[in-house]
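**Student:** For reference, this is my_file.txt, and it has compact mmCIF, C-alpha atoms.
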```txt
# COMPACT_ATOMS: atom_id res chain seq x y z
CA MET A 1 -13.81 117.53 50.83
CA SER A 2 -13.28 119.08 47.38
CA GLY A 3 -16.77 120.59 47.41
CA LEU A 4 -16.01 122.79 50.42
CA ASN A 5 -14.62 126.30 50.51
CA PRO A 6 -10.96 125.77 51.54
CA GLN A 7 -11.19 128.90 53.70
CA GLY A 8 -13.46 126.97 56.06
CA CYS A 9 -11.53 123.72 56.12
CA GLN A 10 -8.07 122.81 57.40
CA VAL A 11 -6.10 119.56 57.24
CA PHE A 12 -3.37 118.43 59.60
CA SER A 13 -1.22 115.36 58.91
CA PHE A 14 0.67 113.86 61.82
CA LYS A 15 3.87 111.91 61.42
CA THR A 16 6.39 110.52 63.91
CA PRO A 17 6.44 112.90 66.91
CA THR A 18 9.17 115.51 66.95
CA ALA A 19 11.49 116.15 69.89
CA GLU A 20 9.26 119.06 70.93
CA GLU A 21 6.15 116.89 70.76
CA TYR A 22 7.78 114.17 72.84
CA ASP A 23 8.38 116.86 75.48
CA HIS A 24 4.58 117.07 75.94
CA ASP A 25 1.79 114.60 76.60
CA PHE A 26 0.56 112.54 73.64
CA LEU A 27 -2.55 114.70 73.13
CA TRP A 28 -0.74 118.05 73.06
CA ARG A 29 0.04 118.26 69.36
CA HIS A 30 -3.52 117.32 68.46
CA TYR A 31 -5.10 119.78 70.86
CA LYS A 32 -3.18 122.70 69.42
CA ALA A 33 -4.25 121.69 65.90
CA LEU A 34 -7.97 121.90 66.65
CA PRO A 35 -10.02 124.08 64.27
CA GLU A 36 -11.32 127.47 65.29
CA ARG A 37 -15.05 127.86 65.82
CA GLY A 38 -16.91 127.72 62.52
CA ARG A 39 -14.26 125.68 60.71
CA ILE A 40 -13.85 122.01 59.82
CA GLY A 41 -10.61 120.36 60.90
CA ILE A 42 -9.38 117.09 59.41
CA HIS A 43 -6.74 115.13 61.29
CA ASN A 44 -5.02 112.71 58.94
CA ARG A 45 -3.78 110.20 61.46
CA SER A 46 -4.55 111.37 64.92
CA HIS A 47 -4.16 110.83 68.64
CA TYR A 48 -5.23 107.24 67.96
CA GLU A 49 -1.75 106.46 66.68
CA SER A 50 -0.81 106.39 70.36
CA VAL A 51 -3.05 103.35 70.89
CA LEU A 52 -2.45 101.76 67.49
CA VAL A 53 1.14 101.85 66.22
CA CYS A 54 2.35 102.35 69.79
CA LYS A 55 0.40 99.32 70.94
CA VAL A 56 1.89 97.20 68.17
CA HIS A 57 5.32 98.68 68.94
CA PRO A 58 5.20 99.56 72.66
CA GLU A 59 8.90 100.46 72.58
CA TYR A 60 7.79 103.77 71.01
CA VAL A 61 6.07 104.67 74.27
CA LEU A 62 9.46 104.78 75.97
CA ASN A 63 10.31 107.81 73.81
CA GLU A 64 7.66 109.75 75.73
CA ARG A 65 9.78 109.50 78.89
CA LEU A 66 6.73 109.02 81.08
CA PRO A 67 7.30 108.84 84.84
CA ASP A 68 7.36 105.23 86.07
CA TYR A 69 7.45 103.80 82.53
CA ASP A 70 11.11 103.10 81.94
CA ASN A 71 10.83 99.57 80.54
CA LEU A 72 8.44 97.54 78.39
CA ASP A 73 7.25 95.34 81.26
CA LYS A 74 5.43 98.31 82.75
CA ILE A 75 3.44 99.03 79.58
CA ASP A 76 0.70 96.58 80.48
CA HIS A 77 -3.04 96.20 80.07
CA GLY A 78 -3.68 98.86 82.69
CA PHE A 79 -1.54 101.36 80.78
CA TRP A 80 -3.67 101.04 77.66
CA LYS A 81 -6.92 101.22 79.64
CA ARG A 82 -5.79 104.53 81.12
CA ARG A 83 -4.77 105.83 77.71
CA TYR A 84 -8.21 104.99 76.29
CA GLU A 85 -9.73 106.82 79.24
CA SER A 86 -7.58 109.88 78.47
CA ILE A 87 -8.86 109.84 74.89
CA ARG A 88 -12.50 109.55 75.98
CA ASN A 89 -12.05 112.43 78.41
CA PHE A 90 -10.32 114.53 75.74
CA GLU A 91 -13.12 113.98 73.26
CA ARG A 92 -15.81 114.65 75.86
CA HIS A 93 -14.06 117.92 76.68
CA LEU A 94 -14.11 118.84 72.98
CA THR A 95 -17.81 118.10 72.54
CA GLU A 96 -18.72 119.98 75.72
CA ASN A 97 -16.94 122.99 74.27
CA GLY A 98 -18.74 123.08 70.95
CA ILE A 99 -16.71 120.72 68.74
CA THR A 100 -18.48 117.93 66.88
CA VAL A 101 -16.20 114.89 66.65
CA LEU A 102 -16.51 112.36 63.81
CA LYS A 103 -14.12 109.42 63.58
CA PHE A 104 -13.81 107.27 60.46
CA PHE A 105 -11.97 103.96 60.22
CA LEU A 106 -11.54 103.11 56.54
CA HIS A 107 -11.25 99.34 56.65
CA VAL A 108 -9.19 97.99 53.75
CA SER A 109 -8.74 94.22 53.42
CA LYS A 110 -5.29 92.69 53.35
CA ASP A 111 -5.71 91.62 49.72
CA GLU A 112 -6.81 95.10 48.66
CA GLN A 113 -3.88 96.68 50.51
CA LYS A 114 -1.52 94.42 48.55
CA LYS A 115 -3.11 95.48 45.24
CA ARG A 116 -2.75 99.16 46.11
CA PHE A 117 0.88 98.74 47.13
CA LEU A 118 1.67 97.04 43.83
CA LYS A 119 -0.07 99.79 41.85
CA ARG A 120 1.98 102.42 43.66
CA ILE A 121 5.19 100.55 42.87
CA GLU A 122 4.34 99.87 39.21
CA ASN A 123 3.05 103.38 38.41
CA PRO A 124 5.87 105.99 38.48
CA ALA A 125 3.30 108.72 39.06
CA LYS A 126 2.30 107.03 42.32
CA ASN A 127 5.76 106.05 43.58
CA TRP A 128 5.74 109.01 45.95
CA LYS A 129 2.80 107.44 47.81
CA PHE A 130 4.73 104.27 48.63
CA SER A 131 7.03 103.63 51.57
CA SER A 132 8.91 100.38 52.10
CA ASN A 133 8.04 100.78 55.76
CA ASP A 134 4.41 100.12 54.83
CA VAL A 135 5.34 96.60 53.76
CA ARG A 136 7.32 96.01 56.95
CA GLU A 137 4.30 97.06 59.00
CA ARG A 138 2.10 94.73 56.92
CA ALA A 139 3.83 91.84 58.67
CA PHE A 140 2.04 92.96 61.86
CA TRP A 141 -1.40 92.86 60.24
CA ASP A 142 -3.08 90.72 62.91
CA LYS A 143 -1.68 92.84 65.73
CA TYR A 144 -2.94 95.98 64.05
CA MET A 145 -6.40 94.50 63.59
CA ASN A 146 -6.53 93.67 67.30
CA ALA A 147 -5.33 97.17 68.18
CA TYR A 148 -8.00 98.74 65.94
CA GLU A 149 -10.71 96.57 67.47
CA ASP A 150 -9.67 97.47 71.01
CA ALA A 151 -9.39 101.18 70.27
CA ILE A 152 -12.76 101.38 68.53
CA SER A 153 -14.63 99.40 71.18
CA GLU A 154 -13.02 101.40 74.01
CA THR A 155 -13.54 104.86 72.53
CA SER A 156 -16.71 104.79 70.44
CA THR A 157 -19.14 106.88 72.47
CA ASP A 158 -22.44 108.63 71.92
CA TYR A 159 -20.63 111.98 71.93
CA ALA A 160 -17.72 110.90 69.68
CA PRO A 161 -18.78 107.85 67.64
CA TRP A 162 -16.63 105.72 65.38
CA TYR A 163 -17.83 104.94 61.85
CA VAL A 164 -16.27 101.77 60.43
CA ILE A 165 -16.35 102.14 56.65
CA PRO A 166 -15.67 99.23 54.23
CA ALA A 167 -13.07 100.83 51.97
CA ASP A 168 -12.00 98.26 49.38
CA LYS A 169 -14.18 100.20 46.93
CA LYS A 170 -13.10 103.84 47.07
CA TRP A 171 -16.36 105.11 45.57
CA TYR A 172 -18.35 103.42 48.32
CA ALA A 173 -16.08 104.68 51.11
CA ARG A 174 -16.35 108.25 49.83
CA LEU A 175 -20.12 107.98 49.53
CA ALA A 176 -20.50 106.56 53.05
CA VAL A 177 -18.26 109.18 54.65
CA SER A 178 -19.96 111.99 52.71
CA GLN A 179 -23.37 110.81 53.89
CA VAL A 180 -22.30 110.82 57.55
CA ILE A 181 -20.82 114.30 57.21
CA ALA A 182 -23.86 115.66 55.37
CA GLU A 183 -26.30 114.23 57.94
CA THR A 184 -24.21 115.62 60.79
CA LEU A 185 -24.13 119.09 59.24
CA GLU A 186 -27.91 119.01 58.76
CA GLN A 187 -28.44 118.05 62.40
CA MET A 188 -26.26 120.98 63.49
CA ASN A 189 -28.87 123.33 61.94
CA LEU A 190 -26.20 125.75 60.75
CA LYS A 191 -27.23 129.29 59.79
CA PHE A 192 -25.55 132.35 58.35
CA PRO A 193 -24.72 135.06 60.90
CA VAL A 194 -27.56 137.49 61.61
CA LEU A 195 -26.72 141.19 61.47
CA SER A 196 -27.59 143.40 64.40
CA ASP A 197 -30.09 146.21 63.88
CA ASP A 198 -27.22 148.70 63.90
CA GLU A 199 -25.36 146.79 61.19
CA LYS A 200 -28.54 146.57 59.11
CA ARG A 201 -28.94 150.35 59.29
CA LYS A 202 -25.33 150.81 58.16
CA LEU A 203 -25.90 148.37 55.32
CA ASP A 204 -29.01 150.23 54.19
CA ALA A 205 -27.16 153.56 54.37
CA THR A 206 -24.38 152.14 52.23
CA LYS A 207 -26.94 150.89 49.71
CA GLN A 208 -28.56 154.33 49.51
CA ALA A 209 -25.16 155.98 49.03
CA LEU A 210 -24.34 153.62 46.16
CA LEU A 211 -27.74 154.23 44.52
CA ALA A 212 -27.23 158.01 44.84
CA GLU A 213 -23.97 157.93 42.90
CA LYS A 214 -24.03 159.67 39.49
```
Any chance you could put this one into structure tokens?
**Tutor:**
Amino acid sequence: MSGLNPQGCQVFSFKTPTAEEYDHDFLWRHYKALPERGRIGIHNRSHYESVLVCKVHPEYVLNERLPDYDNLDKIDHGFWKRRYESIRNFERHLTENGITVLKFFLHVSKDEQKKRFLKRIENPAKNWKFSSNDVRERAFWDKYMNAYEDAISETSTDYAPWYVIPADKKWYARLAVSQVIAETLEQMNLKFPVLSDDEKRKLDATKQALLAEK
């Protein structure tokens, strides 16, 4: 996104929910971080964490203190189906209110992930990017792949599609994502605001005043 005016673009990164966020439904913190009209909003991690990491570790769901979900046995297939439905409804609501939703899954292979982890460990300048928790989560690779597959198949819609991007090669991933964004912006047929006749007259008067200065 480096080619965009930062005044028109905002980025939100979501980490483990706070106590305040756990006091609301799982979509609340994402809804209040939506961009204003005319801006681009990037959610780095998103409401999908609630059907990804929470599906791999369903014990996290208990932190939400949902009515009737006080033990792991109740977090069953039906629970996840309803959560997918909530996400679809949320995204339909967004699109019906003027927000264009693009979702990118950057698919990195297990071997490539290992290489990147090692580079972050070996290069002091990249140590800050590494967390030992990432390696612990790597042990759940197959479960995460199943969770990703379920989430994408359940929530990729015509109004909020998923784009699965091969991301072992960073240059290719960036090119593919950029192309989707560029094509979407072109289809939106964006235009600069048009001044009213009154504003045009004021603009012309201002021009004449500037030209008349000595």
**Student:** Quick one: of A:Glu20, A:Asp73, A:Asp168, A:Asp197, who's nearest to Asp111 in chain A, counting all atoms listed in the file?
**Tutor:**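 Ranking A:Glu20, A:Asp73, A:Asp168, A:Asp197 by distance to Asp111 in chain A, first place goes to A:Asp168.
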**Student:** Kindly indicate which residue among A:Trp128, A:Tyr148, A:Phe192, A:Tyr172 lies nearest to Cys54 in chain A, using only C-alpha atoms for the distances.
**Tutor:**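 That would be A:Tyr148, the residue with the smallest distance to Cys54 in chain A.
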**Student:** Do you have the CA of Leu52 in chain A-CA of His30 in chain A distance handy?
**Tutor:** 15.6 Å
**Student:** In Å, how far is it from CA of Lys110 in chain A to CA of Asn127 in chain A?
**Tutor:**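 Computed distance, CA of Lys110 in chain A to CA of Asn127 in chain A, equals 19.9 Å.
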**Student:** I'd like the neighbourhood of Leu34 in chain A as a PyMOL selection string, where a residue qualifies if any of its atoms comes within 12 Å (using only C-alpha atoms), though same-chain residues fewer than 5 positions away should be ignored.
**Tutor:** chain A and resi 9-12+27-29+39-43+46-47+90-91+94+97-101
**Student:** Choose the residue, out of A:Leu62, A:Lys81, A:Glu96, A:Tyr31, that has the smallest atom-to-atom separation from Ser153 in chain A; count only C-alpha atoms.
**Tutor:** A:Lys81
**Student:** Using CA of Phe105 in chain A and CA of Ile152 in chain A as the two end points, give the distance in Å to one decimal.
**Tutor:**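 One can read the CA of Phe105 in chain A to CA of Ile152 in chain A distance as 8.7 Å.
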**Student:** Please identify all polymer residues within 12 Å of Leu66 in chain A, counting all atoms listed in the file, omitting same-chain residues fewer than 6 positions from it, and present them as a list in words.
**Tutor:**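 Once the nearby chain positions are removed, what remains is Tyr22, Asp23, His24, Asp25, Phe26, Tyr60, Leu72, Lys74, Ile75 and Phe79 of chain A.
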**Student:** Env of Ile165 in chain A: 7 Å cut, atoms = only C-alpha atoms, seq-sep filter 6 positions within chain, self excluded. Answer as a PyMOL selection string.
**Tutor:** chain A and resi 104-107+173
**Student:** Find the residue from A:His77, A:Lys15, A:Arg88, A:Lys103 that sits nearest to Trp162 in chain A; use only C-alpha atoms when measuring.
**Tutor:**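 Looking only at the distances to Trp162 in chain A, the closest residue turns out to be A:Lys103.
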**Student:** For Tyr84 in chain A, please output as a PDB file with C-alpha atoms, in the coordinates of the input all residues within 10 Å (counting only C-alpha atoms; exclusion window: fewer than 6 positions along the same chain).
**Tutor:**
```
ATOM      1  CA  TYR A  48      -5.230 107.240  67.960  1.00  0.00           C
ATOM      2  CA  SER A  50      -0.810 106.390  70.360  1.00  0.00           C
ATOM      3  CA  VAL A  51      -3.050 103.350  70.890  1.00  0.00           C
ATOM      4  CA  GLY A  78      -3.680  98.860  82.690  1.00  0.00           C
ATOM      5  CA  PHE A  90     -10.320 114.530  75.740  1.00  0.00           C
ATOM      6  CA  ASP A 150      -9.670  97.470  71.010  1.00  0.00           C
ATOM      7  CA  ALA A 151      -9.390 101.180  70.270  1.00  0.00           C
ATOM      8  CA  ILE A 152     -12.760 101.380  68.530  1.00  0.00           C
ATOM      9  CA  SER A 153     -14.630  99.400  71.180  1.00  0.00           C
ATOM     10  CA  GLU A 154     -13.020 101.400  74.010  1.00  0.00           C
ATOM     11  CA  THR A 155     -13.540 104.860  72.530  1.00  0.00           C
TER      12      THR A 155
END
```
**Student:** Closest to Met145 in chain A among A:Val53, A:Ala176, A:Leu190, A:Leu4, using all atoms listed in the file?
**Tutor:**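 Checking each candidate against Met145 in chain A, we get A:Val53 as the closest.
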**Student:** Which one is closest to Trp80 in chain A: A:Lys114, A:Asp134, A:Gly8, A:Ala147? Count only C-alpha atoms.
**Tutor:** A:Ala147
**Student:** Kindly add N, CA and C atoms to the incomplete range 25-49 of chain A and provide the output as a tab-separated table (two decimals), in the coordinates of the input.
**Tutor:**
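What ended up in result.tsv:
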```
chain	number	residue	atom	x	y	z
A	25	ASP	N	2.62	115.80	76.56
A	25	ASP	CA	1.79	114.60	76.60
A	25	ASP	C	1.32	114.25	75.19
A	26	PHE	N	0.84	113.04	74.99
A	26	PHE	CA	0.56	112.54	73.64
A	26	PHE	C	-0.60	113.26	72.95
A	27	LEU	N	-1.43	113.99	73.73
A	27	LEU	CA	-2.55	114.70	73.13
A	27	LEU	C	-2.21	116.14	72.76
A	28	TRP	N	-1.08	116.64	73.20
A	28	TRP	CA	-0.74	118.05	73.06
A	28	TRP	C	-0.75	118.52	71.61
A	29	ARG	N	-0.08	117.79	70.74
A	29	ARG	CA	0.04	118.26	69.36
A	29	ARG	C	-1.30	118.23	68.63
A	30	HIS	N	-2.20	117.38	69.09
A	30	HIS	CA	-3.52	117.32	68.46
A	30	HIS	C	-4.43	118.42	69.00
A	31	TYR	N	-4.28	118.72	70.27
A	31	TYR	CA	-5.10	119.78	70.86
A	31	TYR	C	-4.80	121.12	70.21
A	32	LYS	N	-3.53	121.39	69.98
A	32	LYS	CA	-3.18	122.70	69.42
A	32	LYS	C	-3.49	122.80	67.92
A	33	ALA	N	-3.87	121.68	67.32
A	33	ALA	CA	-4.25	121.69	65.90
A	33	ALA	C	-5.77	121.67	65.71
A	34	LEU	N	-6.51	121.90	66.78
A	34	LEU	CA	-7.97	121.90	66.65
A	34	LEU	C	-8.44	123.11	65.83
A	35	PRO	N	-9.53	122.96	65.09
A	35	PRO	CA	-10.02	124.08	64.27
A	35	PRO	C	-10.67	125.16	65.13
A	36	GLU	N	-10.62	126.39	64.62
A	36	GLU	CA	-11.32	127.47	65.29
A	36	GLU	C	-12.82	127.27	65.12
A	37	ARG	N	-13.59	127.98	65.92
A	37	ARG	CA	-15.05	127.86	65.82
A	37	ARG	C	-15.48	128.24	64.40
A	38	GLY	N	-16.40	127.44	63.85
A	38	GLY	CA	-16.91	127.72	62.52
A	38	GLY	C	-16.11	127.08	61.40
A	39	ARG	N	-15.06	126.33	61.75
A	39	ARG	CA	-14.26	125.68	60.71
A	39	ARG	C	-14.29	124.16	60.88
A	40	ILE	N	-13.96	123.48	59.80
A	40	ILE	CA	-13.85	122.01	59.82
A	40	ILE	C	-12.38	121.65	59.86
A	41	GLY	N	-12.00	120.82	60.80
A	41	GLY	CA	-10.61	120.36	60.90
A	41	GLY	C	-10.52	118.87	60.61
A	42	ILE	N	-9.60	118.50	59.75
A	42	ILE	CA	-9.38	117.09	59.41
A	42	ILE	C	-8.02	116.68	59.94
A	43	HIS	N	-8.00	115.66	60.78
A	43	HIS	CA	-6.74	115.13	61.29
A	43	HIS	C	-6.44	113.82	60.56
A	44	ASN	N	-5.44	113.87	59.70
A	44	ASN	CA	-5.02	112.71	58.94
A	44	ASN	C	-3.99	111.94	59.77
A	45	ARG	N	-4.40	110.85	60.32
A	45	ARG	CA	-3.78	110.20	61.46
A	45	ARG	C	-4.06	111.12	62.64
A	46	SER	N	-4.05	110.58	63.81
A	46	SER	CA	-4.55	111.37	64.92
A	46	SER	C	-3.97	110.87	66.23
A	47	HIS	N	-4.61	111.29	67.32
A	47	HIS	CA	-4.16	110.83	68.64
A	47	HIS	C	-4.33	109.32	68.80
A	48	TYR	N	-5.05	108.69	67.88
A	48	TYR	CA	-5.23	107.24	67.96
A	48	TYR	C	-3.97	106.47	67.58
A	49	GLU	N	-3.02	107.13	66.94
A	49	GLU	CA	-1.75	106.46	66.68
A	49	GLU	C	-1.10	106.01	67.98
```
